[in-house]
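The file structure_19.cif comes next; it holds mmCIF, C-alpha atoms.
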```cif
data_data
#
loop_
_atom_site.label_atom_id
_atom_site.label_comp_id
_atom_site.auth_asym_id
_atom_site.auth_seq_id
_atom_site.Cartn_x
_atom_site.Cartn_y
_atom_site.Cartn_z
CA MET W 1 -20.08 6.15 6.54
CA ARG W 2 -18.05 6.95 9.66
CA GLU W 3 -14.90 5.37 8.21
CA VAL W 4 -14.87 7.94 5.40
CA GLU W 5 -14.71 10.80 7.90
CA THR W 6 -11.98 9.05 9.88
CA PHE W 7 -9.95 8.29 6.74
CA ARG W 8 -10.09 11.88 5.52
CA GLU W 9 -9.34 13.35 8.95
CA GLU W 10 -6.65 10.93 10.12
CA GLY W 11 -5.34 9.43 6.87
CA VAL W 12 -6.07 5.93 8.18
CA ALA W 13 -9.20 3.95 9.07
CA VAL W 14 -10.01 0.35 9.90
CA LEU W 15 -12.78 -1.38 7.92
CA ARG W 16 -14.25 -4.45 9.60
CA GLY W 17 -15.33 -7.57 7.73
CA VAL W 18 -15.12 -6.15 4.22
CA LEU W 19 -13.72 -9.28 2.54
CA ASP W 20 -15.51 -12.60 2.84
CA ALA W 21 -13.91 -16.06 3.04
CA GLY W 22 -14.04 -16.55 -0.73
CA TRP W 23 -11.97 -13.45 -1.46
CA LEU W 24 -9.54 -14.31 1.35
CA ASP W 25 -9.06 -17.84 0.03
CA ARG W 26 -8.23 -16.48 -3.42
CA LEU W 27 -5.69 -14.07 -1.96
CA ALA W 28 -4.14 -16.81 0.17
CA GLU W 29 -3.77 -19.08 -2.86
CA ALA W 30 -2.15 -16.25 -4.83
CA VAL W 31 0.27 -15.48 -1.99
CA ALA W 32 1.30 -19.14 -1.71
CA ALA W 33 1.88 -19.36 -5.48
CA ASN W 34 3.75 -16.05 -5.42
CA MET W 35 6.05 -17.18 -2.63
CA ALA W 36 6.76 -20.42 -4.49
CA LEU W 37 7.56 -18.48 -7.68
CA PRO W 38 8.68 -14.94 -6.80
CA GLY W 39 8.83 -12.19 -9.39
CA PRO W 40 12.00 -10.26 -10.25
CA TYR W 41 11.65 -8.12 -7.12
CA GLY W 42 10.54 -10.83 -4.71
CA ARG W 43 12.95 -11.52 -1.88
CA ASP W 44 13.41 -12.20 1.81
CA HIS W 45 14.07 -8.82 3.40
CA ALA W 46 15.13 -10.13 6.80
CA GLU W 47 18.75 -10.04 7.85
CA GLU W 48 20.43 -13.37 8.53
CA GLY W 49 19.32 -14.78 11.86
CA GLN W 50 16.35 -12.40 12.15
CA GLY W 51 13.62 -14.66 10.78
CA SER W 52 11.99 -14.41 7.36
CA TYR W 53 10.20 -11.46 5.76
CA PHE W 54 9.03 -12.10 2.20
CA GLY W 55 8.00 -9.20 -0.01
CA ASP W 56 7.01 -8.96 -3.67
CA TYR W 57 4.87 -6.73 -5.87
CA VAL W 58 3.35 -6.09 -9.31
CA ASN W 59 2.58 -9.73 -10.04
CA TRP W 60 -1.13 -9.44 -10.85
CA ARG W 61 -0.57 -10.49 -14.46
CA ARG W 62 1.11 -13.74 -13.31
CA PHE W 63 -1.35 -14.31 -10.46
CA PRO W 64 -4.66 -12.82 -11.69
CA ALA W 65 -6.39 -13.31 -8.32
CA TYR W 66 -4.74 -10.12 -7.04
CA LEU W 67 -6.53 -8.01 -9.65
CA GLU W 68 -9.69 -10.14 -9.56
CA VAL W 69 -10.09 -9.58 -5.83
CA GLY W 70 -9.10 -5.93 -6.21
CA ARG W 71 -11.57 -5.34 -9.04
CA GLU W 72 -14.50 -7.72 -8.48
CA GLY W 73 -14.53 -7.46 -4.68
CA PRO W 74 -15.65 -4.41 -2.68
CA LEU W 75 -12.33 -2.57 -2.43
CA GLY W 76 -12.60 -0.58 -5.67
CA ARG W 77 -15.97 0.81 -4.61
CA LEU W 78 -14.63 1.53 -1.11
CA ALA W 79 -11.63 3.32 -2.64
CA GLY W 80 -14.05 5.62 -4.43
CA ALA W 81 -16.00 6.28 -1.24
CA LEU W 82 -12.93 6.98 0.89
CA THR W 83 -11.11 9.24 -1.58
CA GLY W 84 -14.12 10.88 -3.25
CA ALA W 85 -12.89 9.71 -6.65
CA GLU W 86 -15.26 9.37 -9.58
CA ARG W 87 -13.01 6.84 -11.26
CA VAL W 88 -10.67 4.36 -9.56
CA GLN W 89 -7.62 2.59 -10.98
CA PHE W 90 -5.74 -0.35 -9.50
CA PHE W 91 -2.20 0.84 -8.82
CA HIS W 92 -0.58 -2.41 -7.69
CA GLU W 93 -0.54 -5.17 -5.11
CA HIS W 94 2.21 -5.75 -2.55
CA VAL W 95 2.67 -9.05 -0.68
CA LEU W 96 4.18 -8.82 2.81
CA VAL W 97 4.72 -12.01 4.84
CA LYS W 98 6.51 -11.93 8.20
CA GLU W 99 7.10 -15.35 9.70
CA PRO W 100 6.88 -15.91 13.50
CA GLY W 101 9.91 -14.61 15.36
CA THR W 102 10.97 -12.18 12.63
CA SER W 103 12.74 -9.32 14.37
CA GLN W 104 13.10 -7.18 11.23
CA PRO W 105 10.97 -4.03 11.53
CA THR W 106 9.90 -1.78 8.67
CA PRO W 107 10.97 1.76 9.61
CA TRP W 108 8.76 4.82 9.54
CA HIS W 109 8.16 6.05 6.01
CA GLN W 110 5.63 7.57 3.62
CA ASP W 111 4.72 5.73 0.41
CA MET W 112 4.08 8.57 -2.03
CA PRO W 113 7.70 9.70 -2.62
CA TYR W 114 8.59 6.16 -3.75
CA TYR W 115 5.98 6.17 -6.54
CA CYS W 116 6.21 7.44 -10.12
CA MET W 117 2.92 9.31 -9.81
CA SER W 118 1.23 12.30 -8.23
CA GLY W 119 -2.35 12.75 -7.03
CA ALA W 120 -4.43 13.43 -3.94
CA MET W 121 -6.97 10.60 -4.33
CA THR W 122 -4.99 7.62 -3.03
CA VAL W 123 -5.63 4.67 -0.75
CA SER W 124 -3.90 1.44 0.22
CA PHE W 125 -5.87 -1.39 1.80
CA TRP W 126 -3.66 -3.48 4.10
CA VAL W 127 -5.45 -6.84 4.14
CA PRO W 128 -4.32 -9.45 6.71
CA LEU W 129 -4.80 -13.13 5.96
CA ASP W 130 -4.05 -14.12 9.56
CA PRO W 131 -5.21 -12.68 12.90
CA VAL W 132 -3.03 -9.68 13.76
CA ARG W 133 -2.63 -8.03 17.14
CA ALA W 134 -2.03 -4.30 17.38
CA GLU W 135 1.61 -4.74 18.38
CA VAL W 136 2.25 -6.58 15.09
CA CYS W 137 -0.01 -4.40 12.93
CA PRO W 138 1.58 -1.48 11.07
CA HIS W 139 1.45 1.72 13.10
CA PHE W 140 0.17 4.94 11.54
CA LEU W 141 0.65 8.58 12.55
CA ALA W 142 -2.85 10.04 12.44
CA GLY W 143 -3.15 13.31 10.52
CA SER W 144 0.32 13.08 8.98
CA HIS W 145 -1.22 13.07 5.47
CA ARG W 146 -2.88 16.47 5.76
CA SER W 147 0.10 18.72 5.01
CA ARG W 148 0.95 16.72 1.84
CA THR W 149 4.60 17.22 2.79
CA ALA W 150 6.92 14.99 0.78
CA TRP W 151 9.39 13.45 3.24
CA LEU W 152 12.77 12.06 2.23
CA PRO W 153 12.43 8.52 0.79
CA ARG W 154 15.06 6.18 2.23
CA ARG W 155 16.33 2.64 1.88
CA PHE W 156 14.84 0.64 4.74
CA LYS W 157 17.97 -1.30 5.69
CA THR W 158 20.59 1.44 5.49
CA MET W 159 18.29 4.48 5.97
CA ALA W 160 20.24 6.18 3.18
CA ALA W 161 18.33 8.37 0.71
CA LEU W 162 17.23 6.68 -2.49
CA GLU W 163 19.76 6.80 -5.30
CA GLY W 164 19.47 10.02 -7.32
CA ASP W 165 18.50 13.61 -6.55
CA THR W 166 16.43 13.82 -3.36
CA SER W 167 17.29 17.43 -2.52
CA ASP W 168 13.69 18.69 -2.89
CA TYR W 169 12.37 16.54 -0.04
CA GLU W 170 11.99 17.60 3.57
CA PRO W 171 14.32 15.82 6.02
CA PHE W 172 12.51 12.85 7.52
CA PRO W 173 10.88 13.79 10.84
CA GLU W 174 11.77 12.24 14.17
CA ILE W 175 8.87 10.13 15.43
CA ASP W 176 8.76 9.21 19.10
CA GLU W 177 5.96 6.65 19.50
CA ALA W 178 5.86 7.02 23.26
CA ALA W 179 5.66 10.82 23.18
CA GLN W 180 3.19 10.79 20.27
CA ALA W 181 1.12 7.85 21.51
CA ALA W 182 -2.16 9.80 21.31
CA ASP W 183 -1.70 10.09 17.54
CA ILE W 184 -0.50 6.55 16.82
CA ARG W 185 -3.06 4.17 15.33
CA ALA W 186 -2.72 0.38 15.31
CA PHE W 187 -5.44 -2.25 15.32
CA ASP W 188 -6.31 -5.77 16.39
CA LEU W 189 -7.42 -7.35 13.11
CA GLU W 190 -9.11 -10.51 11.91
CA PRO W 191 -9.02 -11.91 8.36
CA GLY W 192 -11.64 -9.99 6.41
CA ASP W 193 -10.72 -6.65 8.02
CA ALA W 194 -8.66 -4.06 6.16
CA VAL W 195 -6.73 -0.96 7.16
CA ALA W 196 -7.14 1.87 4.64
CA PHE W 197 -4.49 4.57 4.53
CA ASP W 198 -3.51 7.50 2.33
CA PHE W 199 -0.25 7.30 0.33
CA HIS W 200 0.91 10.39 2.29
CA THR W 201 0.32 8.86 5.75
CA LEU W 202 3.45 8.11 7.77
CA HIS W 203 3.59 4.49 8.98
CA ASN W 204 5.90 1.67 10.01
CA ALA W 205 5.61 -2.08 10.71
CA PRO W 206 6.91 -3.72 13.89
CA PRO W 207 8.70 -7.06 14.11
CA ASN W 208 6.55 -10.19 14.24
CA ARG W 209 7.23 -11.58 17.69
CA ALA W 210 3.89 -13.40 17.68
CA ALA W 211 3.64 -17.19 17.43
CA VAL W 212 1.80 -17.05 14.09
CA ARG W 213 2.87 -15.81 10.67
CA ARG W 214 1.63 -12.45 9.46
CA ARG W 215 0.52 -12.72 5.84
CA ALA W 216 -0.82 -9.50 4.34
CA VAL W 217 -1.54 -8.07 0.92
CA SER W 218 -1.68 -4.34 0.27
CA LEU W 219 -4.03 -3.48 -2.60
CA ARG W 220 -3.44 0.08 -3.78
CA TYR W 221 -5.74 2.42 -5.69
CA VAL W 222 -5.70 5.91 -7.19
CA GLY W 223 -8.39 8.29 -8.39
CA GLU W 224 -8.83 10.23 -11.60
CA ASP W 225 -6.36 12.95 -10.58
CA ALA W 226 -3.42 10.50 -10.72
CA ARG W 227 -0.71 11.52 -13.17
CA TYR W 228 2.52 9.92 -14.25
CA MET W 229 5.57 11.60 -12.71
CA GLU W 230 9.24 11.19 -13.46
CA ARG W 231 11.16 11.34 -10.22
CA PRO W 232 14.87 12.25 -10.21
CA HIS W 233 15.68 9.19 -8.11
CA ALA W 234 14.96 5.48 -7.91
CA VAL W 235 11.31 4.52 -7.57
CA SER W 236 9.55 1.51 -6.06
CA PRO W 237 7.89 -0.32 -7.68
CA PRO W 238 10.32 0.38 -10.57
CA PHE W 239 7.60 0.65 -13.23
CA PRO W 240 9.93 2.22 -15.86
CA ASP W 241 12.27 -0.75 -15.50
CA LEU W 242 9.29 -3.05 -15.97
CA GLY W 243 8.55 -1.38 -19.32
CA LEU W 244 6.08 1.41 -18.49
CA ARG W 245 6.36 4.30 -20.94
CA ALA W 246 4.42 7.48 -20.23
CA GLU W 247 4.92 11.24 -20.43
CA PRO W 248 4.99 13.38 -17.27
CA GLY W 249 1.54 14.75 -16.52
CA GLU W 250 -0.32 12.07 -18.47
CA PRO W 251 -3.06 10.00 -16.81
CA LEU W 252 -1.85 6.56 -15.75
CA PRO W 253 -2.29 4.16 -18.70
CA GLU W 254 -5.11 1.68 -18.20
CA ASP W 255 -3.19 -1.30 -19.56
CA TRP W 256 -0.79 -0.94 -16.62
CA PHE W 257 -3.31 0.40 -14.08
CA PRO W 258 -6.76 -1.03 -14.86
CA VAL W 259 -9.93 0.92 -14.13
CA VAL W 260 -11.83 -1.06 -11.49
CA TRP W 261 -14.73 1.24 -10.56
CA GLU W 262 -16.54 4.33 -11.79
CA ARG W 263 -19.23 6.38 -10.10
CA GLY W 264 -22.56 6.30 -11.91
CA PRO W 265 -25.58 8.61 -11.86
CA GLU W 266 -26.72 9.64 -8.38
CA GLY W 267 -23.56 8.18 -6.84
CA GLY W 268 -24.12 4.59 -7.86
CA SER W 269 -21.57 2.34 -9.54
CA SER W 270 -21.62 2.43 -13.33
CA ARG W 271 -18.66 0.11 -13.76
CA GLN W 272 -17.09 -2.57 -11.65
CA ALA W 273 -15.75 -4.95 -14.25
#
```

Would you mind writing the file out in structure tokens?
Amino acid sequence: MREVETFREEGVAVLRGVLDAGWLDRLAEAVAANMALPGPYGRDHAEEGQGSYFGDYVNWRRFPAYLEVGREGPLGRLAGALTGAERVQFFHEHVLVKEPGTSQPTPWHQDMPYYCMSGAMTVSFWVPLDPVRAEVCPHFLAGSHRSRTAWLPRRFKTMAALEGDTSDYEPFPEIDEAAQAADIRAFDLEPGDAVAFDFHTLHNAPPNRAAVRRRAVSLRYVGEDARYMERPHAVSPPFPDLGLRAEPGEPLPEDWFPVVWERGPEGGSSRQA
């Protein structure tokens, strides 16, 4: 599978036509219900006068379609193939909807330092529900995952470091998209496609200056090496605030992070519940 090689080499790969219309319809229904009834962390992230950018996460218990698509569809199996994991857990879903004309960008960042976990077997699937052109698609810095460097996690609006002790992180690197164009990856996408990327891969998201909305759901997965980690600063999603209790170094508890796929004998699937 060529995409596996690309994912492991570059930290990002595009997968074409992996979700059929049935799965996309279920995600679209869940997103509409989620936007009508946001969770405690759901909000419009756009500044006044800059359009509308809705985001929310960790709502799969209220809107079961997120987990149903993530578990019963092909993404759990693909997560195992891309990461080499023998056992895959659903980490969480993240809804990201930028309306037409939204000028609010998402700055360059790396997801891993925001999470209360560690592990090398990680993948997010960025799943668009609308056609997306490359200039609106998130941009990824190919190969930026390989060093496993932990870059300073920052607040997106103020660019200030997260609250707490962030002294162990490397200062965030300067990224010049024009100068580094050969290493920037962005894709024209149709509904059914997905962009897979490692939690360590540096990426951003441009404004939506297109004439159509940009609905997307990120479905995130981890392998069997994932361990709970207490970070000395704020985390996002704030799982401890949501009630998660675990000891540092423990595997992620299955009641919070359901097992969605396991590798069977001779590489087949023994479990995709």

Item to check | Val69 in chain W surroundings by all atoms listed in the file, 10 Å radius, close-in-sequence under 3 positions cut, as a ChimeraX atom specification | outcome: /W:19,22-24,26-27,64-66,72-76,219

Checklist entry - What would the list of residues within 12 Å of (-13.5, 0.1, 9.0) (file frame) look like as a ChimeraX atom specification, if only C-alpha atoms are what count? => result /W:1-7,12-19,75,78,82,125-127,187-190,192-197

Checklist entry - So which residues get picked by the PyMOL selection byres ((chain W and resi 100) around 10) here, written as a list in words? => result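 What the PyMOL selection byres ((chain W and resi 100) around 10) grabs from the file is Gly51, Ser52, Tyr53, Val97, Lys98, Glu99, Gly101, Thr102, Ser103, Pro207, Asn208, Arg209, Ala210, Ala211, Val212, Arg213 and Arg214 of chain W.
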
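Using only C-alpha atoms, the nearest neighbour of Pro138 in chain W within the list W:Ala186, W:Ala150, W:Leu244, W:Ala21 is W:Ala186.
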
Item to check | Residue nearest Trp151 in chain W among W:His109, W:His139, W:Arg71, W:Arg43 (counting all atoms listed in the file) | outcome: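 For Trp151 in chain W, the nearest of the given residues is W:His109.
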
Item to check | Nearby residues (only C-alpha atoms) at most 12 Å from Met121 in chain W, same-chain spacing under 4 positions excluded, as a VMD selection string | outcome: chain W and resid 7 to 8 11 79 to 89 91 112 117 145 148 197 to 200 220 to 227

With 6 Å of padding per side, what axis-aligned box (centre and edge lengths, Å, one decimal) covers all the listed atoms of range 193-197 of chain W? Give it as AutoDock Vina command-line options.
```
--center_x -7.6 --center_y -1.0 --center_z 6.3 --size_x 18.2 --size_y 23.2 --size_z 15.5
```

Checklist entry - With distances taken over only C-alpha atoms, which of W:Glu29, W:Asp111, W:Asp241, W:Glu254 is nearest to Val217 in chain W? => result W:Glu29

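Between Glu230 in chain W and the residues W:Asp255, W:Glu250, W:Asp44, W:Glu170, the shortest atom-to-atom distance, using all atoms listed in the file, involves W:Glu250.
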
Next on the checklist: Can you tell me which residues surround Leu162 in chain W at a distance of at most 9 Å, considering all atoms listed in the file, apart from same-chain residues fewer than 2 positions away, and format the answer as a VMD selection string?
Outcome noted: chain W and resid 114 152 to 155 159 to 160 164 to 166 233 to 235
